[in-house]
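Structure data follow from run34.cif (mmCIF, C-alpha atoms):
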data_my_file
loop_
_atom_site.label_atom_id
_atom_site.label_comp_id
_atom_site.auth_asym_id
_atom_site.auth_seq_id
_atom_site.Cartn_x
_atom_site.Cartn_y
_atom_site.Cartn_z
CA MET I 1 -70.32 -66.84 25.70
CA THR I 2 -69.17 -69.30 28.37
CA GLN I 3 -65.42 -69.98 28.32
CA ARG I 4 -64.59 -73.66 28.12
CA ILE I 5 -61.93 -75.95 29.50
CA GLU I 6 -61.04 -78.77 27.13
CA ALA I 7 -60.30 -81.81 29.27
CA ILE I 8 -58.63 -84.72 27.50
CA TYR I 9 -59.17 -88.22 28.89
CA HIS I 10 -57.91 -91.64 27.89
CA LEU I 11 -60.53 -94.35 28.34
CA ARG I 12 -59.83 -98.07 28.27
CA CYS I 13 -62.93 -99.78 26.93
CA ASP I 14 -64.45 -101.68 24.01
CA ALA I 15 -65.01 -99.68 20.85
CA SER I 16 -68.74 -100.25 21.17
CA GLN I 17 -68.73 -98.50 24.57
CA ALA I 18 -66.50 -95.52 23.78
CA GLU I 19 -69.20 -93.04 22.83
CA ALA I 20 -71.44 -93.87 25.78
CA ARG I 21 -68.48 -93.79 28.18
CA ALA I 22 -67.43 -90.36 26.90
CA ARG I 23 -70.96 -88.96 27.27
CA ALA I 24 -71.20 -90.38 30.79
CA LEU I 25 -67.84 -88.87 31.69
CA ALA I 26 -68.92 -85.45 30.42
CA VAL I 27 -71.97 -85.58 32.70
CA GLU I 28 -70.03 -86.97 35.66
CA GLN I 29 -67.45 -84.19 35.48
CA SER I 30 -70.02 -81.42 35.18
CA VAL I 31 -73.47 -81.88 36.72
CA GLU I 32 -73.26 -85.43 38.12
CA MET I 33 -76.94 -86.24 37.63
CA PRO I 34 -79.28 -87.45 34.90
CA VAL I 35 -79.43 -84.75 32.25
CA SER I 36 -83.10 -85.64 31.70
CA ALA I 37 -83.84 -84.35 35.21
CA ILE I 38 -82.41 -80.89 34.53
CA GLU I 39 -85.01 -78.24 33.65
CA ASP I 40 -82.89 -75.11 33.69
CA GLN I 41 -82.02 -74.21 30.11
CA ARG I 42 -78.84 -72.31 30.99
CA VAL I 43 -77.49 -75.29 32.89
CA LEU I 44 -78.30 -77.55 29.94
CA ALA I 45 -76.72 -75.19 27.44
CA GLU I 46 -73.67 -73.94 29.34
CA ILE I 47 -72.84 -76.15 32.33
CA VAL I 48 -73.40 -79.73 31.20
CA GLY I 49 -70.17 -81.11 29.74
CA LYS I 50 -70.04 -81.61 25.99
CA VAL I 51 -68.16 -84.37 24.14
CA LEU I 52 -66.08 -82.66 21.47
CA SER I 53 -64.45 -85.69 19.90
CA ILE I 54 -63.55 -89.35 20.39
CA SER I 55 -60.41 -90.86 18.84
CA ASP I 56 -59.24 -94.45 18.73
CA LEU I 57 -55.67 -94.59 20.07
CA SER I 58 -55.51 -98.36 19.41
CA GLY I 59 -55.04 -101.15 21.91
CA GLY I 60 -58.47 -100.60 23.44
CA VAL I 61 -57.72 -96.99 24.45
CA PHE I 62 -59.84 -94.04 23.27
CA GLU I 63 -59.21 -90.34 23.68
CA ALA I 64 -62.25 -88.30 24.66
CA ARG I 65 -62.09 -84.52 24.49
CA ILE I 66 -64.73 -82.93 26.70
CA ALA I 67 -65.66 -79.25 27.09
CA LEU I 68 -66.33 -78.08 30.66
CA ALA I 69 -67.51 -74.63 31.68
CA SER I 70 -64.67 -72.62 33.20
CA GLU I 71 -67.13 -70.67 35.36
CA THR I 72 -67.52 -73.83 37.46
CA VAL I 73 -63.90 -73.30 38.61
CA GLY I 74 -63.81 -69.65 39.64
CA HIS I 75 -60.19 -69.05 40.64
CA ASP I 76 -59.95 -72.01 43.02
CA ALA I 77 -57.07 -74.37 42.24
CA SER I 78 -58.63 -77.32 44.09
CA GLN I 79 -61.91 -76.78 42.28
CA LEU I 80 -60.04 -76.86 38.97
CA MET I 81 -58.60 -80.24 39.99
CA ASN I 82 -62.10 -81.34 41.00
CA MET I 83 -63.68 -80.31 37.71
CA LEU I 84 -60.91 -81.92 35.68
CA PHE I 85 -60.76 -85.23 37.49
CA GLY I 86 -62.68 -85.30 40.77
CA ASN I 87 -65.18 -88.12 40.28
CA ALA I 88 -63.50 -89.49 37.16
CA SER I 89 -60.42 -90.36 39.22
CA LEU I 90 -62.57 -93.03 40.89
CA LEU I 91 -62.96 -94.82 37.56
CA GLU I 92 -60.04 -97.21 37.27
CA ASP I 93 -59.97 -97.18 33.47
CA VAL I 94 -59.79 -93.39 33.01
CA VAL I 95 -56.65 -91.22 32.84
CA LEU I 96 -56.63 -87.43 32.67
CA SER I 97 -54.16 -86.93 29.83
CA ASP I 98 -54.15 -83.15 29.34
CA ALA I 99 -56.22 -80.00 29.64
CA ILE I 100 -56.46 -76.87 27.51
CA LEU I 101 -57.39 -73.89 29.67
CA PRO I 102 -58.89 -70.60 28.51
CA ALA I 103 -56.89 -67.41 28.92
CA GLU I 104 -59.08 -66.16 31.76
CA LEU I 105 -58.03 -69.09 33.96
CA LEU I 106 -54.34 -68.71 33.12
CA VAL I 107 -54.48 -65.04 34.02
CA GLY I 108 -56.52 -65.75 37.15
CA PHE I 109 -54.10 -68.30 38.56
CA GLY I 110 -51.04 -66.42 37.37
CA GLY I 111 -48.42 -69.15 37.52
CA PRO I 112 -45.09 -68.60 39.29
CA ARG I 113 -44.54 -65.16 40.77
CA GLN I 114 -40.87 -66.08 40.66
CA GLY I 115 -40.01 -68.30 37.70
CA PHE I 116 -36.97 -70.01 36.22
CA ALA I 117 -35.36 -66.75 35.06
CA GLU I 118 -35.71 -65.25 38.53
CA LEU I 119 -34.14 -68.38 40.06
CA ARG I 120 -31.16 -68.00 37.76
CA ASP I 121 -30.81 -64.34 38.70
CA ARG I 122 -30.76 -65.25 42.39
CA MET I 123 -27.97 -67.77 41.82
CA GLY I 124 -26.05 -65.58 39.37
CA ALA I 125 -26.41 -68.31 36.75
CA ARG I 126 -28.20 -66.87 33.76
CA ALA I 127 -26.61 -69.00 31.05
CA ARG I 128 -26.22 -72.43 32.62
CA ALA I 129 -28.12 -75.27 34.22
CA LEU I 130 -28.73 -75.06 37.96
CA THR I 131 -27.65 -77.56 40.60
CA CYS I 132 -29.65 -78.83 43.56
CA THR I 133 -29.17 -81.33 46.35
CA ALA I 134 -31.17 -82.59 49.34
CA LEU I 135 -30.66 -82.77 53.09
CA LYS I 136 -31.07 -86.37 54.21
CA PRO I 137 -31.83 -88.58 56.03
CA GLN I 138 -34.73 -87.60 58.20
CA GLY I 139 -34.03 -88.52 61.80
CA LEU I 140 -30.98 -86.28 62.09
CA PRO I 141 -31.09 -83.34 64.54
CA PRO I 142 -30.85 -79.76 63.25
CA GLU I 143 -27.16 -79.49 64.14
CA LYS I 144 -26.20 -82.41 61.92
CA LEU I 145 -28.40 -81.23 59.05
CA ALA I 146 -26.83 -77.78 59.35
CA GLU I 147 -23.35 -79.30 59.22
CA LEU I 148 -24.25 -81.20 56.04
CA ALA I 149 -25.78 -78.07 54.51
CA GLY I 150 -22.66 -76.07 55.23
CA ARG I 151 -20.51 -78.66 53.48
CA PHE I 152 -22.86 -78.74 50.49
CA ALA I 153 -22.76 -74.94 50.29
CA LEU I 154 -18.95 -74.84 50.44
CA GLY I 155 -19.06 -77.12 47.39
CA GLY I 156 -20.95 -74.38 45.54
CA VAL I 157 -24.28 -76.07 44.83
CA ASP I 158 -27.04 -73.61 43.87
CA CYS I 159 -29.86 -75.03 45.99
CA ILE I 160 -30.06 -77.22 49.09
CA LYS I 161 -33.58 -78.42 49.73
CA ASP I 162 -34.97 -80.33 52.66
CA ASP I 163 -35.80 -83.92 51.91
CA HIS I 164 -39.58 -83.94 51.55
CA GLY I 165 -39.78 -86.27 54.55
CA LEU I 166 -38.41 -83.52 56.81
CA ALA I 167 -41.38 -81.80 58.42
CA ASP I 168 -41.80 -80.57 62.00
CA GLN I 169 -40.75 -83.74 63.83
CA HIS I 170 -39.59 -83.71 67.43
CA TYR I 171 -36.05 -84.71 66.41
CA SER I 172 -35.80 -81.80 63.96
CA PRO I 173 -38.31 -79.03 64.71
CA PHE I 174 -38.90 -76.76 61.74
CA ALA I 175 -38.03 -73.51 63.53
CA GLU I 176 -34.75 -74.80 64.93
CA ARG I 177 -33.79 -76.53 61.69
CA VAL I 178 -34.41 -73.45 59.55
CA GLU I 179 -32.47 -71.18 61.89
CA LYS I 180 -29.42 -73.45 62.06
CA VAL I 181 -29.33 -74.58 58.44
CA ALA I 182 -29.84 -71.03 57.13
CA ALA I 183 -27.01 -69.78 59.34
CA ALA I 184 -24.68 -72.56 58.17
CA VAL I 185 -25.41 -71.84 54.50
CA ALA I 186 -24.94 -68.09 55.05
CA ARG I 187 -21.52 -68.72 56.64
CA ALA I 188 -20.50 -70.93 53.74
CA ASN I 189 -21.67 -68.33 51.21
CA ARG I 190 -19.54 -65.67 52.91
CA ALA I 191 -16.55 -67.98 52.68
CA SER I 192 -17.12 -69.13 49.10
CA GLY I 193 -18.65 -66.05 47.50
CA ARG I 194 -21.47 -68.21 46.14
CA ARG I 195 -25.25 -67.63 46.40
CA THR I 196 -26.40 -71.04 47.59
CA ARG I 197 -30.06 -71.09 48.65
CA TYR I 198 -31.50 -73.23 51.42
CA ILE I 199 -35.05 -74.41 50.64
CA PRO I 200 -37.00 -75.67 53.65
CA SER I 201 -39.92 -78.05 53.17
CA LEU I 202 -43.30 -76.73 54.32
CA SER I 203 -45.72 -79.12 56.00
CA GLY I 204 -48.92 -79.22 58.04
CA ASP I 205 -52.07 -77.22 57.42
CA LEU I 206 -52.17 -73.82 55.73
CA ASP I 207 -51.82 -71.93 59.00
CA SER I 208 -48.73 -73.99 59.85
CA GLN I 209 -47.21 -73.41 56.43
CA ARG I 210 -47.79 -69.66 56.72
CA ARG I 211 -46.05 -69.65 60.11
CA GLN I 212 -43.20 -71.66 58.62
CA LEU I 213 -42.84 -69.20 55.75
CA LYS I 214 -42.65 -66.35 58.25
CA LEU I 215 -39.84 -68.16 60.07
CA ALA I 216 -38.06 -68.79 56.77
CA ARG I 217 -38.32 -65.12 55.87
CA GLN I 218 -36.97 -64.11 59.28
CA ALA I 219 -33.99 -66.40 58.64
CA GLY I 220 -33.25 -64.52 55.42
CA LEU I 221 -34.58 -67.17 53.04
CA ASP I 222 -36.48 -66.53 49.81
CA MET I 223 -37.35 -70.06 48.64
CA ALA I 224 -39.45 -72.92 50.03
CA MET I 225 -40.65 -76.34 48.93
CA VAL I 226 -44.18 -77.68 49.11
CA ALA I 227 -45.88 -80.86 47.85
CA PRO I 228 -49.12 -79.77 46.12
CA MET I 229 -50.76 -83.20 46.26
CA LEU I 230 -50.19 -83.35 50.03
CA ALA I 231 -50.79 -79.72 50.90
CA GLY I 232 -53.71 -79.13 48.53
CA ALA I 233 -53.69 -77.17 45.28
CA SER I 234 -55.60 -74.20 46.69
CA ASN I 235 -53.22 -73.89 49.63
CA VAL I 236 -50.18 -73.93 47.35
CA HIS I 237 -51.77 -71.31 45.13
CA ALA I 238 -52.53 -69.15 48.18
CA LEU I 239 -48.94 -69.38 49.41
CA ALA I 240 -47.56 -68.33 46.03
CA ARG I 241 -50.12 -65.56 45.63
CA ASP I 242 -49.56 -64.12 49.10
CA ASN I 243 -45.75 -64.37 49.05
CA PRO I 244 -44.79 -63.06 45.61
CA ASP I 245 -41.16 -62.54 46.59
CA PHE I 246 -40.73 -66.24 47.44
CA ALA I 247 -39.86 -68.89 44.88
CA PHE I 248 -41.66 -72.19 45.48
CA ILE I 249 -40.42 -75.62 44.45
CA ALA I 250 -43.13 -78.24 43.96
CA HIS I 251 -42.42 -81.80 45.09
CA PRO I 252 -44.36 -84.63 43.35
CA ALA I 253 -45.10 -86.77 46.44
CA LEU I 254 -48.43 -88.60 46.04
CA GLY I 255 -48.64 -87.44 42.43
CA GLY I 256 -48.41 -90.97 41.11
CA ALA I 257 -51.63 -91.98 42.87
CA SER I 258 -53.78 -89.65 40.79
CA ARG I 259 -53.77 -91.17 37.26
CA ILE I 260 -53.17 -87.68 35.92
CA ALA I 261 -50.54 -87.69 33.18
CA PRO I 262 -47.27 -86.37 34.71
CA PRO I 263 -46.67 -83.69 32.04
CA LEU I 264 -50.06 -82.19 32.89
CA LEU I 265 -49.88 -82.57 36.68
CA ILE I 266 -46.23 -81.78 37.32
CA GLY I 267 -45.28 -79.75 34.28
CA LYS I 268 -48.41 -77.64 33.82
CA LEU I 269 -50.71 -77.63 36.86
CA PHE I 270 -47.98 -77.29 39.51
CA ARG I 271 -46.58 -74.43 37.43
CA LEU I 272 -50.04 -72.88 37.05
CA PHE I 273 -50.52 -72.84 40.83
CA GLY I 274 -47.23 -71.01 41.40
CA ALA I 275 -44.23 -73.35 41.30
CA ALA I 276 -40.96 -71.83 40.09
CA ALA I 277 -39.43 -75.30 39.86
CA VAL I 278 -41.01 -78.74 39.57
CA VAL I 279 -39.26 -81.84 40.91
CA PHE I 280 -39.89 -85.09 39.05
CA PRO I 281 -38.28 -88.55 38.85
CA SER I 282 -35.93 -88.71 35.90
CA TYR I 283 -35.56 -91.69 33.63
CA GLY I 284 -32.94 -94.23 34.65
CA GLY I 285 -33.29 -93.61 38.39
CA ARG I 286 -35.32 -95.18 41.19
CA PHE I 287 -38.63 -94.64 39.42
CA GLY I 288 -40.10 -95.78 36.14
CA TYR I 289 -40.63 -92.62 34.09
CA SER I 290 -39.61 -93.00 30.48
CA LYS I 291 -37.47 -90.60 28.49
CA GLU I 292 -40.59 -89.54 26.60
CA THR I 293 -42.44 -88.68 29.82
CA CYS I 294 -39.46 -86.76 31.21
CA ARG I 295 -39.04 -84.83 27.98
CA ALA I 296 -42.76 -83.97 28.02
CA ILE I 297 -42.65 -82.80 31.67
CA ALA I 298 -39.70 -80.52 30.92
CA ALA I 299 -41.40 -79.14 27.82
CA ALA I 300 -44.61 -78.45 29.77
CA ALA I 301 -42.73 -76.67 32.54
CA LEU I 302 -40.78 -74.48 30.13
CA GLY I 303 -43.16 -73.94 27.23
CA GLU I 304 -45.01 -70.78 26.31
CA TRP I 305 -48.37 -70.88 28.07
CA GLY I 306 -50.48 -67.77 28.07
CA GLY I 307 -47.64 -65.58 29.27
CA LEU I 308 -46.97 -67.57 32.46
CA ARG I 309 -43.37 -67.61 33.66
CA PRO I 310 -41.58 -70.89 32.95
CA ALA I 311 -40.79 -73.27 35.80
CA ALA I 312 -37.44 -75.02 36.13
CA PRO I 313 -37.63 -78.74 35.33
CA THR I 314 -35.87 -80.45 38.26
CA PRO I 315 -35.18 -84.12 37.51
CA GLY I 316 -34.00 -86.26 40.42
CA GLY I 317 -34.72 -89.59 42.05
CA GLY I 318 -31.49 -91.59 42.18
CA MET I 319 -29.36 -89.44 39.87
CA THR I 320 -25.58 -89.83 40.03
CA LEU I 321 -22.63 -87.58 39.34
CA SER I 322 -21.42 -89.86 36.57
CA ARG I 323 -24.65 -89.25 34.64
CA VAL I 324 -24.46 -85.44 34.62
CA PRO I 325 -23.07 -85.15 31.05
CA GLU I 326 -25.76 -87.52 29.77
CA LEU I 327 -28.53 -85.66 31.63
CA LEU I 328 -27.38 -82.28 30.33
CA GLU I 329 -27.23 -83.70 26.82
CA PHE I 330 -30.82 -84.90 27.24
CA TYR I 331 -32.37 -81.91 29.07
CA GLY I 332 -30.11 -79.12 27.83
CA ARG I 333 -29.26 -76.06 29.90
CA GLU I 334 -32.87 -75.27 30.79
CA VAL I 335 -32.86 -77.54 33.84
CA MET I 336 -31.98 -77.80 37.53
CA LEU I 337 -30.31 -81.14 38.19
CA LEU I 338 -31.04 -82.71 41.58
CA ILE I 339 -28.53 -85.14 43.11
CA GLY I 340 -28.96 -86.04 46.77
CA GLY I 341 -28.07 -89.47 48.06
CA ASN I 342 -25.24 -90.02 45.59
CA LEU I 343 -23.41 -86.95 46.93
CA LEU I 344 -24.08 -87.91 50.54
CA SER I 345 -22.50 -91.29 49.83
CA ALA I 346 -19.19 -89.47 49.52
CA ARG I 347 -19.30 -88.99 53.31
CA GLU I 348 -16.09 -87.18 54.37
CA ARG I 349 -15.58 -86.06 50.75
CA LEU I 350 -19.02 -84.47 50.55
CA THR I 351 -17.77 -80.95 49.81
CA GLU I 352 -15.34 -82.18 47.17
CA GLU I 353 -17.96 -84.35 45.49
CA THR I 354 -20.43 -81.45 45.51
CA ALA I 355 -17.79 -79.20 43.94
CA ALA I 356 -17.24 -81.84 41.25
CA PHE I 357 -21.00 -81.86 40.54
CA VAL I 358 -21.04 -78.08 40.24
CA ALA I 359 -17.93 -78.01 38.05
CA CYS I 360 -19.33 -80.68 35.76
CA VAL I 361 -22.60 -78.82 35.28
CA GLU I 362 -20.88 -75.49 34.76
CA GLY I 363 -18.35 -76.97 32.35
CA HIS I 364 -20.95 -78.69 30.20
CA SER I 365 -23.33 -75.72 30.32
CA HIS I 366 -20.69 -73.33 29.02
CA GLY I 367 -19.01 -75.80 26.72
#
Mind turning this structure into structure tokens?
Amino acid sequence: MTQRIEAIYHLRCDASQAEARARALAVEQSVEMPVSAIEDQRVLAEIVGKVLSISDLSGGVFEARIALASETVGHDASQLMNMLFGNASLLEDVVLSDAILPAELLVGFGGPRQGFAELRDRMGARARALTCTALKPQGLPPEKLAELAGRFALGGVDCIKDDHGLADQHYSPFAERVEKVAAAVARANRASGRRTRYIPSLSGDLDSQRRQLKLARQAGLDMAMVAPMLAGASNVHALARDNPDFAFIAHPALGGASRIAPPLLIGKLFRLFGAAAVVFPSYGGRFGYSKETCRAIAAAALGEWGGLRPAAPTPGGGMTLSRVPELLEFYGREVMLLIGGNLLSARERLTEETAAFVACVEGHSHG
């Protein structure tokens, strides 16, 4: 029997159109042609999408649950994205709300090779929340970024990631940046006794990202960041599959352009493709995510899902040191808090402010 994906869409339309819209969506996301023109009985029986149910969510929004054949995906992450929302994403009144995947797809993709528990082991932080910050702004040369990273690391932060805007620009070439920042963090770790990780941001095509990972490995690193919506889902999955000793952090850049519900895209799909941690904009910051959305992203990243390792929810986007107690009260200990610009605003007191961030997280996590 053909295994099925259950794709869940929210349609904005009149009640009189809901059933026809759902049927049309099922065809669009499966065979993309008039069903009356299909003669092959197997295609009709197993490949054409089937409407499972339609529910009125009120306010002119209807939920359509549609069964799609999982064999149309294979084990290709980009093809999964295509089958879930490829053509439907072009319809302005359709949102991909969620997806229920059969066990064979979960096993095939595998999720993170290094998950939240492994991240904690690397930092020596099994019973507390993790801390993360970001190297900014882009435009600085490698020497200045390395100096900032060293000061962050002396403050004891668990992870220092590149700002996602840092790529392979002429003013900060990837190879030079990784070498100098990694060395600065290693010196600080020797001085502090901490296990701070530097996380470079991968960019370019898949060949470029593989070369960058090789350079990161040569510099003694074991983590990297990638933006799945920029790099491509299949490329991210390939990087995680082929580098099982690396932990990958997924950045959400361009994710808001997709009309895929954030808990599904960031919390579940990024995790499915191999992310050990998923960055997302927390409520009350520079972006507009609600508490409910943030809670759902965290739950999707951490929840039991076919045996996949959990990913660390990593809320950021304008977070401040003063909000750490509130954020830990909201997210609990199963989180990696990301504060970047607010720490950098401390300028000459950067190390002290970072140490205060770390102490606050550790104090509230153990309290």
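One finds CA of Gly256 in chain I at 11.9 Å from CA of Leu230 in chain I.
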Hits from the PyMOL selection byres ((chain I and resi 305-316) around 6), listed as number ranges by chain | I: 111-112, 115-116, 276-282, 298, 301-302, 304, 317, 319, 335-338
Closest of I:Leu327, I:Ala15, I:Leu265, I:Ala233 to Cys360 in chain I, counting all atoms listed in the file, is I:Leu327
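Closest approach to Arg195 in chain I among I:Leu213, I:Asp242, I:Arg122, I:Gly255: I:Arg122, based on all atoms listed in the file.
Of the residues listed (I:Gly220, I:Pro142, I:Gly288, I:Gly303), I:Gly303 shows the shortest atom-to-atom separation from Arg271 in chain I; distances use only C-alpha atoms.
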Let me know the residues the PyMOL selection byres ((chain I and resi 41-55) around 8) catches in the file above, as a PDB file with C-alpha atoms, in the frame of the given file.
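After the write, part-v3.pdb holds the following:
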ATOM      1  CA  THR I   2     -69.170 -69.300  28.370  1.00  0.00           C
ATOM      2  CA  ALA I  18     -66.500 -95.520  23.780  1.00  0.00           C
ATOM      3  CA  GLU I  19     -69.200 -93.040  22.830  1.00  0.00           C
ATOM      4  CA  ALA I  22     -67.430 -90.360  26.900  1.00  0.00           C
ATOM      5  CA  ARG I  23     -70.960 -88.960  27.270  1.00  0.00           C
ATOM      6  CA  ALA I  26     -68.920 -85.450  30.420  1.00  0.00           C
ATOM      7  CA  VAL I  27     -71.970 -85.580  32.700  1.00  0.00           C
ATOM      8  CA  GLN I  29     -67.450 -84.190  35.480  1.00  0.00           C
ATOM      9  CA  SER I  30     -70.020 -81.420  35.180  1.00  0.00           C
ATOM     10  CA  VAL I  31     -73.470 -81.880  36.720  1.00  0.00           C
ATOM     11  CA  VAL I  35     -79.430 -84.750  32.250  1.00  0.00           C
ATOM     12  CA  ILE I  38     -82.410 -80.890  34.530  1.00  0.00           C
ATOM     13  CA  GLU I  39     -85.010 -78.240  33.650  1.00  0.00           C
ATOM     14  CA  ASP I  40     -82.890 -75.110  33.690  1.00  0.00           C
ATOM     15  CA  ASP I  56     -59.240 -94.450  18.730  1.00  0.00           C
ATOM     16  CA  LEU I  57     -55.670 -94.590  20.070  1.00  0.00           C
ATOM     17  CA  PHE I  62     -59.840 -94.040  23.270  1.00  0.00           C
ATOM     18  CA  GLU I  63     -59.210 -90.340  23.680  1.00  0.00           C
ATOM     19  CA  ALA I  64     -62.250 -88.300  24.660  1.00  0.00           C
ATOM     20  CA  ARG I  65     -62.090 -84.520  24.490  1.00  0.00           C
ATOM     21  CA  ILE I  66     -64.730 -82.930  26.700  1.00  0.00           C
ATOM     22  CA  ALA I  67     -65.660 -79.250  27.090  1.00  0.00           C
ATOM     23  CA  LEU I  68     -66.330 -78.080  30.660  1.00  0.00           C
ATOM     24  CA  ALA I  69     -67.510 -74.630  31.680  1.00  0.00           C
ATOM     25  CA  THR I  72     -67.520 -73.830  37.460  1.00  0.00           C
TER      26      THR I  72
END
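All residues of protein, DNA or RNA that reach within 10 Å of Leu321 in chain I, judged by all atoms listed in the file and not counting those fewer than 4 positions away in the chain, are Pro325, Leu327, Leu338, Ile339, Gly340, Asn342, Leu343, Glu353, Thr354, Ala356, Phe357, Val358, Cys360 and Val361 of chain I.
With all atoms listed in the file as the atoms that count, the residue of I:Arg333, I:His10, I:Arg120, I:His251 with the shortest distance to Asp163 in chain I is I:His251.
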* Could you write out as a PyMOL selection string the residues that the PyMOL selection byres ((chain I and resi 237) around 9) matches in the shown file? -> chain I and resi 76-77+109+111+228+232-236+238-242+272-275
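Among the candidate residues I:Lys180, I:His75, I:Arg323, I:Arg21, the one lying nearest to Gly285 in chain I is I:Arg323, with distances computed using all atoms listed in the file.
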Note to self: Show me, as a PyMOL selection string, the residues that have an atom within 12 Å of Gln138 in chain I when counting all atoms listed in the file, minus same-chain residues fewer than 4 positions from it.
What the structure shows: chain I and resi 134+142+144-145+162-173+177+201
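Nearest to Cys13 in chain I of all the residues I:Ser36, I:Asp158, I:Val94, I:Gln79 is I:Val94, counting all atoms listed in the file.
Interatomic distance, CA of Met223 in chain I to CA of Leu328 in chain I: 24.2 Å.
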Separating CA of Ala88 in chain I from CA of Gly204 in chain I, to the nearest tenth of an Å, is a gap of 27.5 Å
Name the residues in contact with Asp205 in chain I at a cut-off of 8 Å, using only C-alpha atoms, excluding same-chain residues fewer than 3 positions from it; report them as a PDB file with C-alpha atoms, keeping the file's coordinate frame.
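What ended up in selection_7.pdb:
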ATOM      1  CA  SER I 208     -48.730 -73.990  59.850  1.00  0.00           C
ATOM      2  CA  GLN I 209     -47.210 -73.410  56.430  1.00  0.00           C
ATOM      3  CA  ALA I 231     -50.790 -79.720  50.900  1.00  0.00           C
TER       4      ALA I 231
END
